[in-house]
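Shown next: structure.csv, given as CSV, C-alpha atoms.
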chain,number,residue,atom,x,y,z
A,1,MET,CA,-122.3,-50.2,-54.0
A,2,ASN,CA,-122.3,-46.4,-53.5
A,3,LYS,CA,-118.5,-46.4,-53.1
A,4,LYS,CA,-118.1,-48.1,-56.5
A,5,ARG,CA,-120.4,-45.6,-58.1
A,6,LYS,CA,-118.5,-42.7,-56.6
A,7,SER,CA,-115.2,-44.2,-57.8
A,8,ALA,CA,-116.6,-44.7,-61.3
A,9,ALA,CA,-117.9,-41.1,-61.4
A,10,ALA,CA,-114.6,-39.8,-60.2
A,11,SER,CA,-112.5,-41.6,-62.8
A,12,PRO,CA,-113.4,-39.3,-65.7
A,13,VAL,CA,-112.6,-36.2,-63.7
A,14,LEU,CA,-109.3,-37.7,-62.6
A,15,ASN,CA,-108.5,-38.6,-66.2
A,16,VAL,CA,-109.2,-35.1,-67.4
A,17,CYS,CA,-107.0,-33.7,-64.6
A,18,ILE,CA,-104.2,-36.0,-65.6
A,19,LYS,CA,-104.5,-35.1,-69.3
A,20,ILE,CA,-104.5,-31.3,-68.4
A,21,ALA,CA,-101.4,-31.8,-66.2
A,22,ALA,CA,-99.7,-33.8,-69.0
A,23,VAL,CA,-100.4,-31.1,-71.6
A,24,MET,CA,-99.2,-28.3,-69.2
A,25,ALA,CA,-96.0,-30.2,-68.5
A,26,THR,CA,-95.5,-30.7,-72.2
A,27,LEU,CA,-96.0,-27.0,-73.0
A,28,ALA,CA,-93.7,-26.1,-70.1
A,29,LEU,CA,-91.0,-28.4,-71.5
A,30,MET,CA,-91.5,-27.1,-75.0
A,31,SER,CA,-91.2,-23.5,-73.7
A,32,VAL,CA,-87.9,-24.3,-71.9
A,33,MET,CA,-86.6,-26.0,-75.0
A,34,VAL,CA,-87.6,-23.0,-77.2
A,35,LEU,CA,-86.2,-20.4,-74.8
A,36,ASN,CA,-82.9,-22.2,-74.5
A,37,ALA,CA,-82.5,-23.3,-78.1
A,38,PRO,CA,-79.8,-21.4,-80.1
A,39,ILE,CA,-82.2,-19.9,-82.7
A,40,ILE,CA,-81.2,-16.2,-82.8
A,41,ALA,CA,-78.2,-15.0,-84.8
A,42,TYR,CA,-76.6,-12.4,-82.5
A,43,HIS,CA,-73.9,-10.0,-83.9
A,44,GLU,CA,-71.6,-8.2,-81.5
A,45,THR,CA,-68.9,-5.7,-82.5
A,46,ASP,CA,-66.2,-4.7,-79.9
A,47,GLY,CA,-64.7,-2.0,-82.1
A,48,ASN,CA,-62.0,-4.3,-83.5
A,49,SER,CA,-64.0,-7.2,-84.9
A,50,THR,CA,-67.5,-8.6,-85.2
A,51,THR,CA,-68.5,-12.0,-83.8
A,52,VAL,CA,-71.7,-13.9,-84.7
A,53,GLU,CA,-73.2,-16.6,-82.6
A,54,ASN,CA,-76.5,-18.3,-82.2
A,55,LEU,CA,-78.2,-17.6,-78.9
A,56,SER,CA,-81.2,-18.8,-77.1
A,57,ILE,CA,-84.0,-16.4,-76.4
A,58,THR,CA,-83.0,-16.4,-72.7
A,59,ASN,CA,-79.4,-15.6,-73.4
A,60,TYR,CA,-80.3,-13.1,-76.0
A,61,LEU,CA,-82.4,-11.1,-73.5
A,62,LYS,CA,-79.4,-11.2,-71.1
A,63,GLN,CA,-76.9,-10.2,-73.7
A,64,ARG,CA,-78.8,-7.6,-75.6
A,65,LYS,CA,-77.6,-4.0,-75.2
A,66,PRO,CA,-80.6,-1.7,-75.7
A,67,MET,CA,-78.6,1.5,-75.0
A,68,LEU,CA,-75.7,0.6,-77.3
A,69,TYR,CA,-77.1,2.6,-80.3
A,70,MET,CA,-76.8,5.9,-78.3
A,71,GLU,CA,-73.0,6.0,-78.2
A,72,GLY,CA,-71.9,2.8,-80.1
A,73,THR,CA,-69.0,0.5,-79.4
A,74,ILE,CA,-65.5,1.3,-78.4
A,75,SER,CA,-62.1,-0.1,-79.4
A,76,ARG,CA,-60.6,-1.7,-76.3
A,77,THR,CA,-57.0,-2.4,-75.4
A,78,GLU,CA,-56.2,-6.0,-76.5
A,79,SER,CA,-54.9,-8.3,-73.8
A,80,GLU,CA,-51.7,-8.9,-75.9
A,81,GLN,CA,-51.0,-5.2,-75.7
A,82,VAL,CA,-50.8,-5.3,-71.9
A,83,GLU,CA,-47.5,-6.0,-70.1
A,84,LEU,CA,-48.3,-7.8,-66.8
A,85,ARG,CA,-46.1,-7.8,-63.8
A,86,SER,CA,-44.0,-10.9,-63.1
A,87,ASP,CA,-44.0,-10.4,-59.3
A,88,THR,CA,-47.7,-10.3,-58.8
A,89,GLU,CA,-50.3,-13.2,-58.5
A,90,LEU,CA,-52.3,-13.2,-61.7
A,91,ILE,CA,-55.8,-14.6,-62.3
A,92,GLU,CA,-56.3,-16.9,-65.3
A,93,ASN,CA,-60.0,-17.0,-65.1
A,94,ASP,CA,-61.9,-14.9,-62.5
A,95,GLY,CA,-65.3,-16.5,-63.3
A,96,LEU,CA,-66.8,-13.3,-64.7
A,97,ASP,CA,-68.5,-13.6,-68.1
A,98,LEU,CA,-67.4,-10.2,-69.1
A,99,ASN,CA,-65.3,-8.9,-72.0
A,100,GLN,CA,-62.2,-7.9,-70.0
A,101,THR,CA,-58.7,-6.8,-71.1
A,102,ILE,CA,-57.2,-8.1,-67.8
A,103,GLU,CA,-58.6,-11.0,-65.8
A,104,GLY,CA,-59.3,-10.1,-62.2
A,105,GLN,CA,-60.2,-6.5,-62.9
A,106,TYR,CA,-63.0,-4.6,-64.7
A,107,THR,CA,-62.9,-0.9,-65.5
A,108,ILE,CA,-65.8,1.3,-66.4
A,109,LEU,CA,-65.6,4.9,-67.6
A,110,PHE,CA,-68.5,7.0,-66.3
A,111,LEU,CA,-69.3,10.4,-67.9
A,112,GLY,CA,-72.0,12.8,-66.6
A,113,PHE,CA,-72.9,15.6,-69.0
A,114,ASP,CA,-74.1,19.1,-68.2
A,115,THR,CA,-77.8,19.9,-68.7
A,116,ILE,CA,-79.2,21.2,-72.0
A,117,THR,CA,-81.2,23.8,-70.1
A,118,ASN,CA,-78.1,25.2,-68.3
A,119,GLY,CA,-75.4,24.3,-70.8
A,120,SER,CA,-74.6,22.7,-74.1
A,121,GLY,CA,-75.4,19.1,-73.0
A,122,ASN,CA,-72.1,18.0,-74.6
A,123,LEU,CA,-69.6,18.8,-71.8
A,124,HIS,CA,-68.9,15.9,-69.5
A,125,ASP,CA,-68.4,17.7,-66.2
A,126,VAL,CA,-68.5,14.5,-64.0
A,127,ASN,CA,-65.8,12.0,-64.9
A,128,TYR,CA,-65.1,8.8,-63.0
A,129,LEU,CA,-62.9,5.8,-63.8
A,130,ILE,CA,-64.3,2.9,-61.8
A,131,GLN,CA,-62.3,-0.2,-61.4
A,132,PHE,CA,-63.3,-3.5,-59.7
A,133,ASN,CA,-60.3,-5.5,-58.4
A,134,LEU,CA,-61.0,-9.1,-57.6
A,135,LEU,CA,-57.5,-9.7,-56.3
A,136,THR,CA,-58.0,-7.3,-53.5
A,137,ALA,CA,-61.8,-7.5,-53.3
A,138,SER,CA,-61.9,-3.7,-53.7
A,139,MET,CA,-63.2,-0.9,-56.0
A,140,ASN,CA,-61.2,2.1,-56.8
A,141,ILE,CA,-62.5,5.3,-58.3
A,142,LEU,CA,-60.4,7.9,-60.1
A,143,GLN,CA,-62.1,11.4,-60.3
A,144,ILE,CA,-60.9,13.3,-63.3
A,145,PRO,CA,-61.6,17.1,-62.8
A,146,ARG,CA,-63.5,18.5,-65.8
A,147,ASP,CA,-60.9,21.3,-66.3
A,148,SER,CA,-58.0,18.9,-66.6
A,149,TYR,CA,-55.5,20.3,-69.2
A,150,MET,CA,-55.4,17.8,-72.1
A,151,PRO,CA,-54.6,19.8,-75.2
A,152,ASP,CA,-53.6,16.7,-77.3
A,153,TYR,CA,-57.2,15.3,-77.3
A,154,THR,CA,-59.4,18.3,-77.9
A,155,SER,CA,-59.7,21.0,-80.6
A,156,SER,CA,-61.5,23.3,-78.2
A,157,PRO,CA,-59.7,26.5,-77.2
A,158,SER,CA,-60.4,25.5,-73.6
A,159,ASN,CA,-58.0,22.5,-73.8
A,160,LYS,CA,-60.1,20.9,-71.1
A,161,PHE,CA,-60.9,17.2,-70.6
A,162,ASN,CA,-64.7,17.9,-70.5
A,163,SER,CA,-64.5,19.1,-74.2
A,164,ILE,CA,-63.0,16.0,-75.7
A,165,TYR,CA,-66.3,14.4,-76.4
A,166,SER,CA,-67.6,17.3,-78.4
A,167,SER,CA,-64.3,18.6,-79.8
A,168,GLY,CA,-61.6,16.3,-81.0
A,169,ASP,CA,-60.5,13.8,-83.6
A,170,PRO,CA,-63.4,13.6,-86.1
A,171,SER,CA,-62.2,10.2,-87.4
A,172,VAL,CA,-63.4,8.4,-84.2
A,173,SER,CA,-66.6,8.5,-82.3
A,174,SER,CA,-67.2,11.0,-79.5
A,175,ILE,CA,-67.1,8.3,-76.7
A,176,GLN,CA,-64.0,6.8,-78.3
A,177,ARG,CA,-62.1,10.1,-78.1
A,178,VAL,CA,-62.6,10.2,-74.3
A,179,VAL,CA,-61.7,6.5,-74.0
A,180,ASP,CA,-58.5,7.1,-76.0
A,181,ALA,CA,-57.5,10.1,-73.8
A,182,VAL,CA,-58.0,8.0,-70.6
A,183,GLN,CA,-56.1,4.9,-71.9
A,184,GLN,CA,-53.2,6.8,-73.4
A,185,SER,CA,-52.8,9.3,-70.5
A,186,PHE,CA,-53.3,6.9,-67.6
A,187,GLY,CA,-52.5,3.5,-69.1
A,188,ILE,CA,-55.7,2.0,-67.7
A,189,PRO,CA,-57.6,-0.2,-70.1
A,190,VAL,CA,-61.3,0.7,-70.3
A,191,ASP,CA,-63.6,-2.3,-70.5
A,192,ALA,CA,-67.0,-0.5,-70.7
A,193,TYR,CA,-68.6,2.9,-70.5
A,194,VAL,CA,-71.7,4.5,-69.0
A,195,THR,CA,-72.9,8.0,-69.7
A,196,THR,CA,-75.8,10.1,-68.5
A,197,SER,CA,-76.7,13.8,-68.0
A,198,CYS,CA,-77.7,15.9,-65.1
A,199,ASP,CA,-81.2,16.1,-66.7
A,200,ASN,CA,-81.5,12.3,-66.2
A,201,ILE,CA,-80.1,12.2,-62.7
A,202,VAL,CA,-83.4,13.6,-61.4
A,203,GLN,CA,-85.4,10.6,-62.8
A,204,ILE,CA,-82.7,8.0,-61.9
A,205,VAL,CA,-82.6,9.0,-58.2
A,206,ASP,CA,-86.4,9.1,-58.0
A,207,ILE,CA,-86.6,5.6,-59.5
A,208,ILE,CA,-84.4,4.2,-56.8
A,209,GLY,CA,-86.3,6.0,-54.1
A,210,GLY,CA,-84.0,8.8,-53.2
A,211,ILE,CA,-80.5,9.0,-51.6
A,212,PRO,CA,-80.3,9.0,-47.8
A,213,ILE,CA,-77.4,11.3,-46.8
A,214,ASP,CA,-76.1,13.3,-43.9
A,215,LEU,CA,-75.1,16.7,-45.2
A,216,PRO,CA,-72.2,18.3,-43.2
A,217,TYR,CA,-73.2,21.8,-44.2
A,218,THR,CA,-76.1,23.8,-45.7
A,219,ILE,CA,-76.1,24.3,-49.5
A,220,VAL,CA,-77.9,27.3,-51.0
A,221,TYR,CA,-78.1,26.3,-54.7
A,222,GLU,CA,-80.4,29.2,-55.4
A,223,ALA,CA,-82.4,31.5,-53.1
A,224,ASP,CA,-85.4,29.1,-53.1
A,225,LYS,CA,-83.4,25.9,-53.5
A,226,ILE,CA,-81.8,25.1,-50.2
A,227,LEU,CA,-80.4,21.8,-48.8
A,228,TYR,CA,-80.1,22.1,-45.0
A,229,GLU,CA,-77.4,20.5,-42.9
A,230,GLY,CA,-78.2,17.1,-41.4
A,231,GLU,CA,-79.7,13.7,-42.2
A,232,GLN,CA,-82.2,13.6,-45.0
A,233,VAL,CA,-83.3,11.7,-48.1
A,234,LEU,CA,-82.5,13.7,-51.3
A,235,ASN,CA,-85.0,13.3,-54.1
A,236,GLY,CA,-84.0,13.6,-57.8
A,237,THR,CA,-84.2,17.4,-58.0
A,238,GLN,CA,-82.3,17.9,-54.7
A,239,SER,CA,-79.6,15.4,-55.9
A,240,GLU,CA,-79.1,17.5,-59.0
A,241,TRP,CA,-78.7,20.6,-56.8
A,242,PHE,CA,-76.0,18.9,-54.7
A,243,VAL,CA,-74.1,17.4,-57.6
A,244,ARG,CA,-74.1,20.6,-59.6
A,245,PHE,CA,-73.4,23.1,-56.7
A,246,ARG,CA,-70.0,24.7,-56.7
A,247,ARG,CA,-70.2,28.5,-56.3
A,248,GLY,CA,-70.0,28.2,-52.5
A,249,TYR,CA,-66.8,26.2,-52.3
A,250,ASP,CA,-63.5,27.9,-51.7
A,251,GLU,CA,-61.9,25.7,-54.4
A,252,GLY,CA,-64.7,26.1,-56.9
A,253,ASP,CA,-65.0,23.1,-59.2
A,254,ILE,CA,-62.5,21.1,-57.2
A,255,GLY,CA,-64.6,21.7,-54.1
A,256,ARG,CA,-67.5,20.2,-56.0
A,257,VAL,CA,-65.4,17.2,-57.1
A,258,LYS,CA,-64.6,16.5,-53.4
A,259,ALA,CA,-68.2,17.0,-52.3
A,260,GLN,CA,-69.4,14.6,-54.9
A,261,ARG,CA,-67.6,11.8,-53.1
A,262,LEU,CA,-70.1,12.1,-50.3
A,263,PHE,CA,-72.9,11.6,-52.8
A,264,LEU,CA,-71.1,8.6,-54.4
A,265,ALA,CA,-70.7,6.9,-51.0
A,266,ALA,CA,-74.4,7.6,-50.1
A,267,ALA,CA,-75.6,6.3,-53.5
A,268,MET,CA,-73.6,3.1,-53.2
A,269,LYS,CA,-74.9,2.5,-49.7
A,270,LYS,CA,-78.4,3.0,-51.0
A,271,ALA,CA,-77.8,0.5,-53.8
A,272,LEU,CA,-76.5,-2.1,-51.5
A,273,ASP,CA,-79.4,-1.6,-49.1
A,274,MET,CA,-81.9,-2.1,-51.9
A,275,GLY,CA,-81.0,-5.7,-52.5
A,276,SER,CA,-80.5,-7.4,-55.9
A,277,PHE,CA,-84.1,-7.8,-56.9
A,278,LYS,CA,-85.1,-4.1,-56.3
A,279,LEU,CA,-81.9,-2.8,-57.7
A,280,LEU,CA,-82.3,-4.8,-61.0
A,281,THR,CA,-85.9,-3.8,-61.2
A,282,ALA,CA,-84.9,-0.2,-61.0
A,283,ILE,CA,-82.1,-0.7,-63.5
A,284,ASP,CA,-84.6,-2.3,-65.9
A,285,GLU,CA,-86.8,0.8,-65.6
A,286,ILE,CA,-83.8,3.1,-66.1
A,287,TYR,CA,-83.0,1.2,-69.3
A,288,GLU,CA,-86.6,1.3,-70.5
A,289,LYS,CA,-86.6,5.1,-70.1
A,290,GLU,CA,-83.2,5.4,-71.8
A,291,LEU,CA,-81.7,7.4,-69.0
A,292,LEU,CA,-78.3,5.9,-69.6
A,293,ALA,CA,-76.1,5.2,-72.6
A,294,THR,CA,-73.8,2.2,-72.2
A,295,ASP,CA,-72.3,-0.8,-74.0
A,296,LEU,CA,-73.1,-3.1,-71.1
A,297,SER,CA,-75.9,-5.6,-71.5
A,298,LEU,CA,-78.6,-6.2,-68.9
A,299,GLY,CA,-76.9,-9.5,-67.9
A,300,GLN,CA,-73.5,-7.7,-67.5
A,301,ILE,CA,-75.1,-5.0,-65.4
A,302,SER,CA,-76.6,-7.7,-63.2
A,303,MET,CA,-73.1,-9.4,-62.8
A,304,ILE,CA,-71.5,-6.1,-61.9
A,305,ALA,CA,-74.2,-5.3,-59.4
A,306,ASP,CA,-73.6,-8.7,-57.8
A,307,LEU,CA,-69.9,-8.1,-57.8
A,308,ALA,CA,-70.3,-4.7,-56.1
A,309,SER,CA,-72.5,-6.2,-53.4
A,310,THR,CA,-69.6,-8.4,-52.3
A,311,ILE,CA,-67.3,-5.4,-51.7
A,312,SER,CA,-67.3,-3.7,-48.3
A,313,MET,CA,-67.5,0.1,-48.0
A,314,GLU,CA,-64.1,0.2,-46.4
A,315,ASN,CA,-62.6,-1.3,-49.6
A,316,VAL,CA,-64.1,1.3,-51.9
A,317,ASN,CA,-61.6,4.0,-52.4
A,318,VAL,CA,-61.8,7.3,-54.2
A,319,PHE,CA,-58.9,9.3,-55.6
A,320,MET,CA,-58.7,12.6,-57.4
A,321,LEU,CA,-56.3,13.2,-60.3
A,322,PRO,CA,-53.5,15.2,-58.6
A,323,GLY,CA,-52.8,18.8,-59.8
A,324,GLU,CA,-53.4,22.4,-59.2
A,325,GLY,CA,-55.6,25.2,-60.5
A,326,SER,CA,-54.0,27.5,-63.1
A,327,ASP,CA,-54.7,29.7,-66.2
A,328,ALA,CA,-53.9,28.7,-69.8
A,329,TYR,CA,-54.7,30.9,-72.8
A,330,GLY,CA,-57.3,32.8,-70.7
A,331,GLN,CA,-59.0,29.6,-69.4
A,332,SER,CA,-59.1,28.3,-65.8
A,333,ILE,CA,-57.6,24.8,-66.0
A,334,TRP,CA,-56.5,22.0,-63.8
A,335,SER,CA,-52.8,21.4,-64.4
A,336,ILE,CA,-52.1,17.7,-63.7
A,337,HIS,CA,-49.1,16.8,-61.5
A,338,LYS,CA,-47.8,14.0,-63.6
A,339,GLY,CA,-45.5,12.3,-61.1
A,340,ALA,CA,-48.1,12.2,-58.3
A,341,ALA,CA,-50.8,11.0,-60.8
A,342,LEU,CA,-48.7,8.1,-62.0
A,343,ASP,CA,-47.9,7.1,-58.4
A,344,ILE,CA,-51.6,6.8,-57.7
A,345,ILE,CA,-52.3,5.0,-61.0
A,346,ASN,CA,-49.5,2.5,-60.7
A,347,GLU,CA,-50.2,1.7,-57.1
A,348,HIS,CA,-54.0,1.4,-57.2
A,349,PHE,CA,-55.2,1.1,-60.9
A,350,ARG,CA,-52.4,-0.9,-62.5
A,351,THR,CA,-51.9,-3.5,-59.9
A,352,GLN,CA,-51.3,-6.3,-62.4
A,353,GLN,CA,-49.5,-4.2,-65.0
A,354,VAL,CA,-45.9,-3.0,-65.0
A,355,PRO,CA,-45.6,0.6,-63.7
A,356,LEU,CA,-46.3,3.3,-66.3
A,357,ARG,CA,-43.3,5.5,-66.9
A,358,PRO,CA,-43.6,9.2,-67.5
A,359,ASP,CA,-42.5,8.9,-71.1
A,360,GLN,CA,-45.2,6.3,-71.7
A,361,SER,CA,-48.0,8.7,-70.5
A,362,ALA,CA,-49.7,11.3,-72.7
A,363,ILE,CA,-50.3,13.6,-69.6
A,364,VAL,CA,-49.2,17.2,-70.3
A,365,GLU,CA,-48.2,19.4,-67.4
A,366,TRP,CA,-49.1,23.1,-67.9
A,367,VAL,CA,-47.3,23.9,-64.7
A,368,PRO,CA,-44.1,21.9,-64.8
A,369,GLU,CA,-42.7,20.0,-61.8
A,370,GLY,CA,-40.4,22.4,-59.9
A,371,ASN,CA,-42.8,25.3,-60.4
A,372,TYR,CA,-45.8,23.9,-58.5
A,373,LEU,CA,-47.6,26.4,-56.4
A,374,SER,CA,-49.4,23.8,-54.3
A,375,THR,CA,-49.3,20.0,-53.7
A,376,MET,CA,-52.3,19.9,-51.3
A,377,ASN,CA,-54.4,18.0,-53.8
A,378,ASP,CA,-51.7,15.4,-54.6
A,379,ASP,CA,-53.1,12.9,-52.1
A,380,THR,CA,-56.9,13.1,-51.4
A,381,ALA,CA,-57.6,9.4,-51.1
A,382,GLN,CA,-60.6,8.4,-49.0
A,383,SER,CA,-62.6,5.2,-48.5
A,384,PHE,CA,-66.4,5.2,-48.8
A,385,ASP,CA,-66.5,3.9,-45.2
A,386,GLU,CA,-64.8,7.1,-44.0
A,387,LEU,CA,-67.0,9.3,-46.1
A,388,TYR,CA,-70.3,7.6,-45.1
A,389,GLU,CA,-69.5,7.4,-41.4
Can you present the structure in this file as structure tokens?
Amino acid sequence: MNKKRKSAAASPVLNVCIKIAAVMATLALMSVMVLNAPIIAYHETDGNSTTVENLSITNYLKQRKPMLYMEGTISRTESEQVELRSDTELIENDGLDLNQTIEGQYTILFLGFDTITNGSGNLHDVNYLIQFNLLTASMNILQIPRDSYMPDYTSSPSNKFNSIYSSGDPSVSSIQRVVDAVQQSFGIPVDAYVTTSCDNIVQIVDIIGGIPIDLPYTIVYEADKILYEGEQVLNGTQSEWFVRFRRGYDEGDIGRVKAQRLFLAAAMKKALDMGSFKLLTAIDEIYEKELLATDLSLGQISMIADLASTISMENVNVFMLPGEGSDAYGQSIWSIHKGAALDIINEHFRTQQVPLRPDQSAIVEWVPEGNYLSTMNDDTAQSFDELYE
């Protein structure tokens, strides 16, 4: 008799629980349907045309580009404009949901601007062309010295690459001017860009928890700003000292360009060690604080981070644009060695394209071939594995 009473008493409670569970399941199902229903009209402009599609809330959050307003879109090289090699294995679909000119590779232009406190804030002194190659499971980085002589793309008396953003063709955007200079000089299609400033490097490094590095020498940035030789973790401020330091190098700015490779290798090792969740959490905070300008969406950043995590350090290679220091119109410039530059570009950055001929490149040599004073910087290739170890 007692058992029947307990059972009868329990039935209303059980029924209430079932109803609550049913309501929660219904709400969850409705939420999934709403989040994945194509209800948001999304407009995207790639510089050449504008596409409109209806996206779900989930896909909208992945595809939105919160930092796009800072620099805007760029006109990319169309796939039809690229002449591919006939003797190389080509990828029809590499599985990446990215807006690429060439399947199997993805190229990002990175520009780091000088500080407003110690400069104009408009000179891109750090310039990297970063290319992921799925055919070789590698990543190649081309360092472009800030003083590279490029008179056809800037109206600045300096004629230097780092002035193109602020001084050039007024009919196109600042970022487009730099993209055009890269694509027309080196024949490498640019798929996306990322820009930041040395002012922001401090915060970015602190957000990811510092950069572990083994410094091969002591750096005296200023009398009271010293980085000692040996293993340590650089915080944001110390990282800025290291990236900006150049007075103590025999080669001046070129010495700084070479030293920055060590920082690049250490930064990538740190990113890989963080793991996807921590890295994406940090990237989200960087986006929220607007420390970067880019036309990449959060979803694309996630895909690129996943892609980078599959590449071993020994397959990440860094090259510097070949050339030599010289003077032009009272300015210290980096005179590009065109032949050596095209050799590197054709072998490592145009692996699916036909070789770029000298007459197809907009590179201008201040010191012509035959009058070179030095070729010691025509081959400075290193892997990140060599640098880190």
>> I'd like the contact shell of Val82 in chain A - 12 Å cut-off, only C-alpha atoms, skipping same-chain residues fewer than 2 positions apart - returned as number ranges by chain.
In response: A: 76-80, 84-85, 100-103, 183, 187-189, 350, 352-356
>> Rounded to one decimal, what separation in Å do you get between CA of Asp343 in chain A and CA of Phe384 in chain A?
In response: 20.9 Å
> Which residue gives the smallest distance to Pro322 in chain A among A:Tyr165, A:Tyr372, A:Phe110, A:Tyr228, with all atoms listed in the file counted?
Replying inline: A:Tyr372
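Considering all atoms listed in the file, the residue among A:Gly339, A:Asn162, A:Thr351, A:Glu71 positioned nearest to Gly370 in chain A is A:Gly339.
In this comparison, which uses all atoms listed in the file, the residue of A:Thr380, A:Thr115, A:Ser158, A:Ser185 approaching Tyr329 in chain A most closely is A:Ser158.
The interatomic distance for the pair CA of Glu231 in chain A and CA of Tyr217 in chain A works out to 10.6 Å.
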> Between CA of Ile219 in chain A and CA of Phe319 in chain A, what is the distance, to one decimal in Å?
Replying inline: 23.6 Å
> If we count only C-alpha atoms, what is near Gln143 in chain A at a cut-off of 7 Å, once residues fewer than 6 positions away on the same chain are taken out, given as a PyMOL selection string?
Replying inline: chain A and resi 127-129+319-321
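The shortest atom-to-atom distance to Met268 in chain A, with all atoms listed in the file taken into account, belongs to A:Leu387 out of A:His348, A:Leu298, A:Val220, A:Leu387.
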